[in-house]
file work_1.cif (mmCIF, N, CA and C atoms)
data_query
#
loop_
_atom_site.label_atom_id
_atom_site.label_comp_id
_atom_site.auth_asym_id
_atom_site.auth_seq_id
_atom_site.Cartn_x
_atom_site.Cartn_y
_atom_site.Cartn_z
N MET R 1 125.33 120.73 188.70
CA MET R 1 124.85 119.89 189.78
C MET R 1 125.34 118.45 189.61
N LEU R 2 125.44 118.01 188.36
CA LEU R 2 125.89 116.63 188.14
C LEU R 2 127.34 116.44 188.57
N SER R 3 128.18 117.44 188.35
CA SER R 3 129.58 117.30 188.76
C SER R 3 129.70 117.25 190.28
N LEU R 4 128.86 118.01 190.99
CA LEU R 4 128.85 117.94 192.46
C LEU R 4 128.36 116.58 192.94
N ALA R 5 127.36 116.06 192.27
CA ALA R 5 126.84 114.73 192.63
C ALA R 5 127.91 113.67 192.41
N LYS R 6 128.64 113.79 191.31
CA LYS R 6 129.68 112.81 191.00
C LYS R 6 130.74 112.79 192.10
N LYS R 7 131.13 113.95 192.59
CA LYS R 7 132.09 114.03 193.69
C LYS R 7 131.52 113.40 194.96
N ALA R 8 130.27 113.68 195.25
CA ALA R 8 129.64 113.16 196.47
C ALA R 8 129.50 111.64 196.40
N PHE R 9 129.18 111.10 195.22
CA PHE R 9 129.01 109.66 195.07
C PHE R 9 130.33 108.92 195.28
N LYS R 10 131.43 109.56 194.94
CA LYS R 10 132.73 108.92 195.14
C LYS R 10 133.07 108.76 196.62
N ASP R 11 132.51 109.63 197.45
CA ASP R 11 132.82 109.63 198.88
C ASP R 11 131.83 108.84 199.72
N ASN R 12 130.61 108.66 199.24
CA ASN R 12 129.55 108.03 200.04
C ASN R 12 128.66 107.17 199.17
N CYS R 13 127.95 106.28 199.81
CA CYS R 13 126.88 105.54 199.14
C CYS R 13 125.54 106.12 199.61
N TYR R 14 124.52 105.96 198.80
CA TYR R 14 123.22 106.54 199.10
C TYR R 14 122.13 105.50 198.93
N THR R 15 121.02 105.73 199.56
CA THR R 15 119.87 104.86 199.38
C THR R 15 119.09 105.34 198.16
N THR R 16 118.27 104.46 197.64
CA THR R 16 117.42 104.84 196.51
C THR R 16 116.48 105.97 196.92
N GLU R 17 116.00 105.94 198.13
CA GLU R 17 115.11 107.01 198.61
C GLU R 17 115.83 108.36 198.59
N GLN R 18 117.08 108.39 198.99
CA GLN R 18 117.84 109.64 198.96
C GLN R 18 118.02 110.12 197.52
N VAL R 19 118.29 109.19 196.61
CA VAL R 19 118.43 109.55 195.20
C VAL R 19 117.11 110.10 194.67
N ARG R 20 116.00 109.45 195.03
CA ARG R 20 114.68 109.94 194.59
C ARG R 20 114.45 111.36 195.08
N ASN R 21 114.76 111.63 196.33
CA ASN R 21 114.56 112.97 196.87
C ASN R 21 115.44 114.00 196.17
N LEU R 22 116.67 113.65 195.89
CA LEU R 22 117.57 114.57 195.21
C LEU R 22 117.18 114.78 193.75
N SER R 23 116.55 113.79 193.15
CA SER R 23 116.18 113.92 191.74
C SER R 23 115.18 115.05 191.50
N GLY R 24 114.46 115.45 192.53
CA GLY R 24 113.53 116.56 192.40
C GLY R 24 114.21 117.88 192.10
N LEU R 25 115.51 117.95 192.32
CA LEU R 25 116.26 119.17 192.02
C LEU R 25 116.52 119.34 190.53
N PHE R 26 116.36 118.26 189.78
CA PHE R 26 116.60 118.30 188.34
C PHE R 26 115.27 118.52 187.63
N LEU R 27 115.22 119.53 186.78
CA LEU R 27 113.95 119.97 186.21
C LEU R 27 113.55 119.28 184.92
N SER R 28 114.51 118.68 184.24
CA SER R 28 114.16 118.03 182.97
C SER R 28 114.39 116.52 183.09
N ASP R 29 113.70 115.78 182.25
CA ASP R 29 113.91 114.33 182.21
C ASP R 29 115.34 114.00 181.81
N GLU R 30 115.89 114.78 180.91
CA GLU R 30 117.27 114.54 180.47
C GLU R 30 118.24 114.63 181.66
N ALA R 31 118.11 115.68 182.44
CA ALA R 31 118.99 115.86 183.60
C ALA R 31 118.71 114.83 184.68
N ARG R 32 117.44 114.53 184.89
CA ARG R 32 117.06 113.54 185.91
C ARG R 32 117.59 112.15 185.53
N TYR R 33 117.47 111.79 184.24
CA TYR R 33 118.01 110.51 183.79
C TYR R 33 119.52 110.48 183.97
N ALA R 34 120.21 111.55 183.61
CA ALA R 34 121.67 111.60 183.77
C ALA R 34 122.05 111.41 185.24
N PHE R 35 121.27 112.01 186.13
CA PHE R 35 121.52 111.85 187.57
C PHE R 35 121.31 110.40 187.99
N PHE R 36 120.23 109.78 187.55
CA PHE R 36 119.97 108.38 187.88
C PHE R 36 121.09 107.47 187.36
N ASP R 37 121.53 107.73 186.14
CA ASP R 37 122.59 106.93 185.54
C ASP R 37 123.88 107.07 186.34
N LEU R 38 124.16 108.26 186.80
CA LEU R 38 125.34 108.52 187.61
C LEU R 38 125.22 107.88 188.99
N ALA R 39 124.05 107.91 189.56
CA ALA R 39 123.83 107.44 190.93
C ALA R 39 123.75 105.93 191.05
N TYR R 40 123.25 105.27 190.04
CA TYR R 40 122.94 103.83 190.15
C TYR R 40 124.08 102.98 190.70
N PRO R 41 125.31 103.14 190.25
CA PRO R 41 126.39 102.28 190.79
C PRO R 41 126.70 102.53 192.27
N PHE R 42 126.19 103.61 192.82
CA PHE R 42 126.55 103.99 194.18
C PHE R 42 125.43 103.80 195.21
N VAL R 43 124.30 103.24 194.79
CA VAL R 43 123.22 103.02 195.75
C VAL R 43 123.44 101.72 196.50
N VAL R 44 123.05 101.72 197.75
CA VAL R 44 123.23 100.53 198.60
C VAL R 44 122.10 99.53 198.42
N ASP R 45 121.02 99.94 197.81
CA ASP R 45 119.85 99.08 197.63
C ASP R 45 119.38 99.09 196.16
N PRO R 46 120.20 98.58 195.24
CA PRO R 46 119.86 98.67 193.82
C PRO R 46 118.56 97.98 193.43
N LYS R 47 118.10 97.03 194.22
CA LYS R 47 116.82 96.36 193.89
C LYS R 47 115.64 97.30 194.09
N GLN R 48 115.85 98.39 194.81
CA GLN R 48 114.79 99.37 195.03
C GLN R 48 114.80 100.47 193.95
N PHE R 49 115.76 100.44 193.05
CA PHE R 49 115.94 101.50 192.05
C PHE R 49 114.89 101.53 190.94
N PRO R 50 114.40 100.38 190.43
CA PRO R 50 113.47 100.40 189.29
C PRO R 50 112.25 101.33 189.44
N PRO R 51 111.63 101.47 190.60
CA PRO R 51 110.48 102.38 190.67
C PRO R 51 110.81 103.85 190.38
N LEU R 52 112.08 104.21 190.37
CA LEU R 52 112.44 105.60 190.04
C LEU R 52 112.08 105.94 188.60
N GLN R 53 111.81 104.94 187.79
CA GLN R 53 111.38 105.20 186.42
C GLN R 53 110.15 106.10 186.39
N SER R 54 109.32 106.02 187.41
CA SER R 54 108.11 106.84 187.46
C SER R 54 108.42 108.33 187.60
N GLN R 55 109.66 108.67 187.91
CA GLN R 55 110.07 110.07 188.01
C GLN R 55 110.34 110.67 186.63
N LEU R 56 110.37 109.82 185.61
CA LEU R 56 110.62 110.25 184.24
C LEU R 56 109.31 110.24 183.46
N ILE R 57 109.06 111.29 182.73
CA ILE R 57 107.81 111.43 181.98
C ILE R 57 107.98 110.99 180.52
N ASP R 58 109.07 111.39 179.91
CA ASP R 58 109.33 111.12 178.50
C ASP R 58 109.60 109.63 178.28
N PRO R 59 108.85 108.99 177.37
CA PRO R 59 109.05 107.56 177.11
C PRO R 59 110.48 107.23 176.66
N TYR R 60 111.14 108.15 175.98
CA TYR R 60 112.53 107.93 175.56
C TYR R 60 113.42 107.70 176.77
N TYR R 61 113.30 108.54 177.78
CA TYR R 61 114.14 108.41 178.97
C TYR R 61 113.71 107.24 179.84
N GLN R 62 112.44 106.91 179.81
CA GLN R 62 111.98 105.72 180.52
C GLN R 62 112.62 104.47 179.90
N SER R 63 112.69 104.43 178.59
CA SER R 63 113.31 103.31 177.89
C SER R 63 114.80 103.23 178.20
N ARG R 64 115.46 104.35 178.20
CA ARG R 64 116.90 104.37 178.53
C ARG R 64 117.12 103.93 179.97
N PHE R 65 116.22 104.32 180.84
CA PHE R 65 116.33 103.93 182.26
C PHE R 65 116.24 102.41 182.38
N ARG R 66 115.26 101.81 181.71
CA ARG R 66 115.12 100.35 181.76
C ARG R 66 116.37 99.67 181.20
N ALA R 67 116.92 100.22 180.13
CA ALA R 67 118.14 99.65 179.54
C ALA R 67 119.32 99.78 180.51
N MET R 68 119.39 100.87 181.22
CA MET R 68 120.46 101.08 182.20
C MET R 68 120.38 100.00 183.29
N LEU R 69 119.19 99.66 183.71
CA LEU R 69 119.03 98.66 184.77
C LEU R 69 119.44 97.26 184.31
N ARG R 70 119.34 96.99 183.02
CA ARG R 70 119.68 95.67 182.49
C ARG R 70 121.18 95.48 182.32
N GLN R 71 121.96 96.53 182.37
CA GLN R 71 123.41 96.40 182.15
C GLN R 71 124.10 95.74 183.29
#

call {"tool": "encode", "arguments": {"input": "work_1.cif", "output": "structure tokens"}}
result
Amino acid sequence: MLSLAKKAFKDNCYTTEQVRNLSGLFLSDEARYAFFDLAYPFVVDPKQFPPLQSQLIDPYYQSRFRAMLRQ
């Protein structure tokens, strides 16, 4: 699924809401975080991205998510 998302991101930009909706397709925090990391450069509203942290349960991935936003 991540390789398909990568192809789609190259062709289009997405809103944070669309990314949030698509993240429900990923069943683990690891996969969901990888999707967020892949999607972040392609969202049209990056200031709306931080609340997606609530989609992650594991504190490890929450921490990585916060670090990703600071880059």

call {"tool": "residues_around", "arguments": {"input": "work_1.cif", "residues": "range 18-31 of chain R", "least_positions_apart": "6", "cutoff": "8 Å", "atoms": "only C-alpha atoms", "output": "ChimeraX atom specification"}}
result
/R:39,52,56-58,61

call {"tool": "write_last_selection", "arguments": {"input": "work_1.cif", "atoms": "N, CA and C atoms", "output": "PDB file, in the coordinates of the input"}}
result
ATOM      1  N   ALA R  39     124.050 107.910 189.560  1.00  0.00           N
ATOM      2  CA  ALA R  39     123.830 107.440 190.930  1.00  0.00           C
ATOM      3  C   ALA R  39     123.750 105.930 191.050  1.00  0.00           C
ATOM      4  N   LEU R  52     112.080 104.210 190.370  1.00  0.00           N
ATOM      5  CA  LEU R  52     112.440 105.600 190.040  1.00  0.00           C
ATOM      6  C   LEU R  52     112.080 105.940 188.600  1.00  0.00           C
ATOM      7  N   LEU R  56     110.370 109.820 185.610  1.00  0.00           N
ATOM      8  CA  LEU R  56     110.620 110.250 184.240  1.00  0.00           C
ATOM      9  C   LEU R  56     109.310 110.240 183.460  1.00  0.00           C
ATOM     10  N   ILE R  57     109.060 111.290 182.730  1.00  0.00           N
ATOM     11  CA  ILE R  57     107.810 111.430 181.980  1.00  0.00           C
ATOM     12  C   ILE R  57     107.980 110.990 180.520  1.00  0.00           C
ATOM     13  N   ASP R  58     109.070 111.390 179.910  1.00  0.00           N
ATOM     14  CA  ASP R  58     109.330 111.120 178.500  1.00  0.00           C
ATOM     15  C   ASP R  58     109.600 109.630 178.280  1.00  0.00           C
ATOM     16  N   TYR R  61     113.300 108.540 177.780  1.00  0.00           N
ATOM     17  CA  TYR R  61     114.140 108.410 178.970  1.00  0.00           C
ATOM     18  C   TYR R  61     113.710 107.240 179.840  1.00  0.00           C
TER      19      TYR R  61
END

call {"tool": "atom_distance", "arguments": {"input": "work_1.cif", "atom1": "atom N of Arg64 in chain R", "atom2": "CA of Asp11 in chain R"}}
result
27.5 Å

call {"tool": "closest_residue", "arguments": {"input": "work_1.cif", "among": "R:Gln71, R:Leu4, R:Phe65, R:Cys13", "to": "Asp45 in chain R", "atoms": "all atoms listed in the file"}}
result
R:Cys13

call {"tool": "closest_residue", "arguments": {"input": "work_1.cif", "among": "R:Leu38, R:Gln53, R:Leu69, R:Lys47", "to": "Ala8 in chain R", "atoms": "only C-alpha atoms"}}
result
R:Leu38

call {"tool": "closest_residue", "arguments": {"input": "work_1.cif", "among": "R:Ser63, R:Ser54, R:Asn12, R:Leu2", "to": "Ala34 in chain R", "atoms": "all atoms listed in the file"}}
result
R:Leu2

call {"tool": "atom_distance", "arguments": {"input": "work_1.cif", "atom1": "atom N of Lys7 in chain R", "atom2": "CA of Pro59 in chain R"}}
result
27.7 Å

call {"tool": "atom_distance", "arguments": {"input": "work_1.cif", "atom1": "CA of Phe35 in chain R", "atom2": "CA of Met1 in chain R"}}
result
9.0 Å

call {"tool": "closest_residue", "arguments": {"input": "work_1.cif", "among": "R:Arg70, R:Lys10, R:Tyr33, R:Thr16", "to": "Gln48 in chain R", "atoms": "all atoms listed in the file"}}
result
R:Thr16

call {"tool": "select_by_dssp", "arguments": {"input": "work_1.cif", "residues": "chain R", "states": "helix (DSSP H, G or I)", "output": "PyMOL selection string"}}
result
chain R and resi 2-11+16-23+29-42+46-48+50-55+59-70

call {"tool": "write_last_selection", "arguments": {"input": "work_1.cif", "atoms": "N, CA and C atoms", "output": "short mmCIF file (atom, residue, chain, number, x, y, z; two decimals), keeping the file's coordinate frame"}}
result
data_model
loop_
_atom_site.label_atom_id
_atom_site.label_comp_id
_atom_site.auth_asym_id
_atom_site.auth_seq_id
_atom_site.Cartn_x
_atom_site.Cartn_y
_atom_site.Cartn_z
N LEU R 2 125.44 118.01 188.36
CA LEU R 2 125.89 116.63 188.14
C LEU R 2 127.34 116.44 188.57
N SER R 3 128.18 117.44 188.35
CA SER R 3 129.58 117.30 188.76
C SER R 3 129.70 117.25 190.28
N LEU R 4 128.86 118.01 190.99
CA LEU R 4 128.85 117.94 192.46
C LEU R 4 128.36 116.58 192.94
N ALA R 5 127.36 116.06 192.27
CA ALA R 5 126.84 114.73 192.63
C ALA R 5 127.91 113.67 192.41
N LYS R 6 128.64 113.79 191.31
CA LYS R 6 129.68 112.81 191.00
C LYS R 6 130.74 112.79 192.10
N LYS R 7 131.13 113.95 192.59
CA LYS R 7 132.09 114.03 193.69
C LYS R 7 131.52 113.40 194.96
N ALA R 8 130.27 113.68 195.25
CA ALA R 8 129.64 113.16 196.47
C ALA R 8 129.50 111.64 196.40
N PHE R 9 129.18 111.10 195.22
CA PHE R 9 129.01 109.66 195.07
C PHE R 9 130.33 108.92 195.28
N LYS R 10 131.43 109.56 194.94
CA LYS R 10 132.73 108.92 195.14
C LYS R 10 133.07 108.76 196.62
N ASP R 11 132.51 109.63 197.45
CA ASP R 11 132.82 109.63 198.88
C ASP R 11 131.83 108.84 199.72
N THR R 16 118.27 104.46 197.64
CA THR R 16 117.42 104.84 196.51
C THR R 16 116.48 105.97 196.92
N GLU R 17 116.00 105.94 198.13
CA GLU R 17 115.11 107.01 198.61
C GLU R 17 115.83 108.36 198.59
N GLN R 18 117.08 108.39 198.99
CA GLN R 18 117.84 109.64 198.96
C GLN R 18 118.02 110.12 197.52
N VAL R 19 118.29 109.19 196.61
CA VAL R 19 118.43 109.55 195.20
C VAL R 19 117.11 110.10 194.67
N ARG R 20 116.00 109.45 195.03
CA ARG R 20 114.68 109.94 194.59
C ARG R 20 114.45 111.36 195.08
N ASN R 21 114.76 111.63 196.33
CA ASN R 21 114.56 112.97 196.87
C ASN R 21 115.44 114.00 196.17
N LEU R 22 116.67 113.65 195.89
CA LEU R 22 117.57 114.57 195.21
C LEU R 22 117.18 114.78 193.75
N SER R 23 116.55 113.79 193.15
CA SER R 23 116.18 113.92 191.74
C SER R 23 115.18 115.05 191.50
N ASP R 29 113.70 115.78 182.25
CA ASP R 29 113.91 114.33 182.21
C ASP R 29 115.34 114.00 181.81
N GLU R 30 115.89 114.78 180.91
CA GLU R 30 117.27 114.54 180.47
C GLU R 30 118.24 114.63 181.66
N ALA R 31 118.11 115.68 182.44
CA ALA R 31 118.99 115.86 183.60
C ALA R 31 118.71 114.83 184.68
N ARG R 32 117.44 114.53 184.89
CA ARG R 32 117.06 113.54 185.91
C ARG R 32 117.59 112.15 185.53
N TYR R 33 117.47 111.79 184.24
CA TYR R 33 118.01 110.51 183.79
C TYR R 33 119.52 110.48 183.97
N ALA R 34 120.21 111.55 183.61
CA ALA R 34 121.67 111.60 183.77
C ALA R 34 122.05 111.41 185.24
N PHE R 35 121.27 112.01 186.13
CA PHE R 35 121.52 111.85 187.57
C PHE R 35 121.31 110.40 187.99
N PHE R 36 120.23 109.78 187.55
CA PHE R 36 119.97 108.38 187.88
C PHE R 36 121.09 107.47 187.36
N ASP R 37 121.53 107.73 186.14
CA ASP R 37 122.59 106.93 185.54
C ASP R 37 123.88 107.07 186.34
N LEU R 38 124.16 108.26 186.80
CA LEU R 38 125.34 108.52 187.61
C LEU R 38 125.22 107.88 188.99
N ALA R 39 124.05 107.91 189.56
CA ALA R 39 123.83 107.44 190.93
C ALA R 39 123.75 105.93 191.05
N TYR R 40 123.25 105.27 190.04
CA TYR R 40 122.94 103.83 190.15
C TYR R 40 124.08 102.98 190.70
N PRO R 41 125.31 103.14 190.25
CA PRO R 41 126.39 102.28 190.79
C PRO R 41 126.70 102.53 192.27
N PHE R 42 126.19 103.61 192.82
CA PHE R 42 126.55 103.99 194.18
C PHE R 42 125.43 103.80 195.21
N PRO R 46 120.20 98.58 195.24
CA PRO R 46 119.86 98.67 193.82
C PRO R 46 118.56 97.98 193.43
N LYS R 47 118.10 97.03 194.22
CA LYS R 47 116.82 96.36 193.89
C LYS R 47 115.64 97.30 194.09
N GLN R 48 115.85 98.39 194.81
CA GLN R 48 114.79 99.37 195.03
C GLN R 48 114.80 100.47 193.95
N PRO R 50 114.40 100.38 190.43
CA PRO R 50 113.47 100.40 189.29
C PRO R 50 112.25 101.33 189.44
N PRO R 51 111.63 101.47 190.60
CA PRO R 51 110.48 102.38 190.67
C PRO R 51 110.81 103.85 190.38
N LEU R 52 112.08 104.21 190.37
CA LEU R 52 112.44 105.60 190.04
C LEU R 52 112.08 105.94 188.60
N GLN R 53 111.81 104.94 187.79
CA GLN R 53 111.38 105.20 186.42
C GLN R 53 110.15 106.10 186.39
N SER R 54 109.32 106.02 187.41
CA SER R 54 108.11 106.84 187.46
C SER R 54 108.42 108.33 187.60
N GLN R 55 109.66 108.67 187.91
CA GLN R 55 110.07 110.07 188.01
C GLN R 55 110.34 110.67 186.63
N PRO R 59 108.85 108.99 177.37
CA PRO R 59 109.05 107.56 177.11
C PRO R 59 110.48 107.23 176.66
N TYR R 60 111.14 108.15 175.98
CA TYR R 60 112.53 107.93 175.56
C TYR R 60 113.42 107.70 176.77
N TYR R 61 113.30 108.54 177.78
CA TYR R 61 114.14 108.41 178.97
C TYR R 61 113.71 107.24 179.84
N GLN R 62 112.44 106.91 179.81
CA GLN R 62 111.98 105.72 180.52
C GLN R 62 112.62 104.47 179.90
N SER R 63 112.69 104.43 178.59
CA SER R 63 113.31 103.31 177.89
C SER R 63 114.80 103.23 178.20
N ARG R 64 115.46 104.35 178.20
CA ARG R 64 116.90 104.37 178.53
C ARG R 64 117.12 103.93 179.97
N PHE R 65 116.22 104.32 180.84
CA PHE R 65 116.33 103.93 182.26
C PHE R 65 116.24 102.41 182.38
N ARG R 66 115.26 101.81 181.71
CA ARG R 66 115.12 100.35 181.76
C ARG R 66 116.37 99.67 181.20
N ALA R 67 116.92 100.22 180.13
CA ALA R 67 118.14 99.65 179.54
C ALA R 67 119.32 99.78 180.51
N MET R 68 119.39 100.87 181.22
CA MET R 68 120.46 101.08 182.20
C MET R 68 120.38 100.00 183.29
N LEU R 69 119.19 99.66 183.71
CA LEU R 69 119.03 98.66 184.77
C LEU R 69 119.44 97.26 184.31
N ARG R 70 119.34 96.99 183.02
CA ARG R 70 119.68 95.67 182.49
C ARG R 70 121.18 95.48 182.32
#

call {"tool": "build_atoms", "arguments": {"input": "work_1.cif", "residues": "range 14-25 of chain R", "atoms": "all heavy atoms", "output": "PDB file, in the coordinates of the input"}}
result
ATOM      1  N   TYR R  14     124.520 105.960 198.800  1.00  0.00           N
ATOM      2  CA  TYR R  14     123.220 106.540 199.100  1.00  0.00           C
ATOM      3  C   TYR R  14     122.130 105.500 198.930  1.00  0.00           C
ATOM      4  O   TYR R  14     122.296 104.517 198.209  1.00  0.00           O
ATOM      5  CB  TYR R  14     122.952 107.733 198.169  1.00  0.00           C
ATOM      6  CG  TYR R  14     123.887 108.881 198.438  1.00  0.00           C
ATOM      7  CD1 TYR R  14     125.129 108.947 197.832  1.00  0.00           C
ATOM      8  CD2 TYR R  14     123.546 109.882 199.322  1.00  0.00           C
ATOM      9  CE1 TYR R  14     126.008 109.979 198.090  1.00  0.00           C
ATOM     10  CE2 TYR R  14     124.413 110.926 199.596  1.00  0.00           C
ATOM     11  CZ  TYR R  14     125.640 110.962 198.971  1.00  0.00           C
ATOM     12  OH  TYR R  14     126.509 111.989 199.241  1.00  0.00           O
ATOM     13  N   THR R  15     121.020 105.730 199.560  1.00  0.00           N
ATOM     14  CA  THR R  15     119.870 104.860 199.380  1.00  0.00           C
ATOM     15  C   THR R  15     119.090 105.340 198.160  1.00  0.00           C
ATOM     16  O   THR R  15     119.211 106.499 197.736  1.00  0.00           O
ATOM     17  CB  THR R  15     118.936 104.860 200.596  1.00  0.00           C
ATOM     18  OG1 THR R  15     118.364 106.165 200.741  1.00  0.00           O
ATOM     19  CG2 THR R  15     119.681 104.458 201.864  1.00  0.00           C
ATOM     20  N   THR R  16     118.270 104.460 197.640  1.00  0.00           N
ATOM     21  CA  THR R  16     117.420 104.840 196.510  1.00  0.00           C
ATOM     22  C   THR R  16     116.480 105.970 196.920  1.00  0.00           C
ATOM     23  O   THR R  16     116.213 106.877 196.118  1.00  0.00           O
ATOM     24  CB  THR R  16     116.632 103.612 196.011  1.00  0.00           C
ATOM     25  OG1 THR R  16     117.575 102.643 195.525  1.00  0.00           O
ATOM     26  CG2 THR R  16     115.661 103.967 194.923  1.00  0.00           C
ATOM     27  N   GLU R  17     116.000 105.940 198.130  1.00  0.00           N
ATOM     28  CA  GLU R  17     115.110 107.010 198.610  1.00  0.00           C
ATOM     29  C   GLU R  17     115.830 108.360 198.590  1.00  0.00           C
ATOM     30  O   GLU R  17     115.245 109.373 198.206  1.00  0.00           O
ATOM     31  CB  GLU R  17     114.619 106.680 200.021  1.00  0.00           C
ATOM     32  CG  GLU R  17     113.633 107.685 200.577  1.00  0.00           C
ATOM     33  CD  GLU R  17     112.304 107.724 199.833  1.00  0.00           C
ATOM     34  OE1 GLU R  17     111.972 106.750 199.131  1.00  0.00           O
ATOM     35  OE2 GLU R  17     111.599 108.738 199.953  1.00  0.00           O
ATOM     36  N   GLN R  18     117.080 108.390 198.990  1.00  0.00           N
ATOM     37  CA  GLN R  18     117.840 109.640 198.960  1.00  0.00           C
ATOM     38  C   GLN R  18     118.020 110.120 197.520  1.00  0.00           C
ATOM     39  O   GLN R  18     117.876 111.315 197.236  1.00  0.00           O
ATOM     40  CB  GLN R  18     119.205 109.455 199.626  1.00  0.00           C
ATOM     41  CG  GLN R  18     119.120 109.304 201.123  1.00  0.00           C
ATOM     42  CD  GLN R  18     120.454 108.925 201.732  1.00  0.00           C
ATOM     43  OE1 GLN R  18     121.129 108.019 201.252  1.00  0.00           O
ATOM     44  NE2 GLN R  18     120.827 109.626 202.797  1.00  0.00           N
ATOM     45  N   VAL R  19     118.290 109.190 196.610  1.00  0.00           N
ATOM     46  CA  VAL R  19     118.430 109.550 195.200  1.00  0.00           C
ATOM     47  C   VAL R  19     117.110 110.100 194.670  1.00  0.00           C
ATOM     48  O   VAL R  19     117.078 111.093 193.950  1.00  0.00           O
ATOM     49  CB  VAL R  19     118.914 108.336 194.375  1.00  0.00           C
ATOM     50  CG1 VAL R  19     118.847 108.618 192.883  1.00  0.00           C
ATOM     51  CG2 VAL R  19     120.331 107.956 194.791  1.00  0.00           C
ATOM     52  N   ARG R  20     116.000 109.450 195.030  1.00  0.00           N
ATOM     53  CA  ARG R  20     114.680 109.940 194.590  1.00  0.00           C
ATOM     54  C   ARG R  20     114.450 111.360 195.080  1.00  0.00           C
ATOM     55  O   ARG R  20     114.003 112.229 194.317  1.00  0.00           O
ATOM     56  CB  ARG R  20     113.563 109.035 195.095  1.00  0.00           C
ATOM     57  CG  ARG R  20     112.186 109.428 194.544  1.00  0.00           C
ATOM     58  CD  ARG R  20     111.072 108.600 195.148  1.00  0.00           C
ATOM     59  NE  ARG R  20     110.877 108.873 196.551  1.00  0.00           N
ATOM     60  CZ  ARG R  20     110.287 109.966 197.049  1.00  0.00           C
ATOM     61  NH1 ARG R  20     109.847 110.892 196.249  1.00  0.00           N
ATOM     62  NH2 ARG R  20     110.153 110.124 198.341  1.00  0.00           N
ATOM     63  N   ASN R  21     114.760 111.630 196.330  1.00  0.00           N
ATOM     64  CA  ASN R  21     114.560 112.970 196.870  1.00  0.00           C
ATOM     65  C   ASN R  21     115.440 114.000 196.170  1.00  0.00           C
ATOM     66  O   ASN R  21     114.975 115.108 195.868  1.00  0.00           O
ATOM     67  CB  ASN R  21     114.823 112.983 198.376  1.00  0.00           C
ATOM     68  CG  ASN R  21     113.766 112.243 199.158  1.00  0.00           C
ATOM     69  OD1 ASN R  21     112.623 112.107 198.721  1.00  0.00           O
ATOM     70  ND2 ASN R  21     114.141 111.725 200.314  1.00  0.00           N
ATOM     71  N   LEU R  22     116.670 113.650 195.890  1.00  0.00           N
ATOM     72  CA  LEU R  22     117.570 114.570 195.210  1.00  0.00           C
ATOM     73  C   LEU R  22     117.180 114.780 193.750  1.00  0.00           C
ATOM     74  O   LEU R  22     117.444 115.846 193.183  1.00  0.00           O
ATOM     75  CB  LEU R  22     119.009 114.061 195.301  1.00  0.00           C
ATOM     76  CG  LEU R  22     119.655 114.140 196.674  1.00  0.00           C
ATOM     77  CD1 LEU R  22     120.974 113.382 196.685  1.00  0.00           C
ATOM     78  CD2 LEU R  22     119.872 115.593 197.080  1.00  0.00           C
ATOM     79  N   SER R  23     116.550 113.790 193.150  1.00  0.00           N
ATOM     80  CA  SER R  23     116.180 113.920 191.740  1.00  0.00           C
ATOM     81  C   SER R  23     115.180 115.050 191.500  1.00  0.00           C
ATOM     82  O   SER R  23     115.096 115.569 190.396  1.00  0.00           O
ATOM     83  CB  SER R  23     115.622 112.598 191.202  1.00  0.00           C
ATOM     84  OG  SER R  23     114.310 112.352 191.682  1.00  0.00           O
ATOM     85  N   GLY R  24     114.460 115.450 192.530  1.00  0.00           N
ATOM     86  CA  GLY R  24     113.530 116.560 192.400  1.00  0.00           C
ATOM     87  C   GLY R  24     114.210 117.880 192.100  1.00  0.00           C
ATOM     88  O   GLY R  24     113.562 118.836 191.658  1.00  0.00           O
ATOM     89  N   LEU R  25     115.510 117.950 192.320  1.00  0.00           N
ATOM     90  CA  LEU R  25     116.260 119.170 192.020  1.00  0.00           C
ATOM     91  C   LEU R  25     116.520 119.340 190.530  1.00  0.00           C
ATOM     92  O   LEU R  25     116.857 120.432 190.079  1.00  0.00           O
ATOM     93  CB  LEU R  25     117.600 119.167 192.768  1.00  0.00           C
ATOM     94  CG  LEU R  25     117.517 119.120 194.285  1.00  0.00           C
ATOM     95  CD1 LEU R  25     118.905 118.936 194.887  1.00  0.00           C
ATOM     96  CD2 LEU R  25     116.870 120.386 194.818  1.00  0.00           C
TER      97      LEU R  25
END
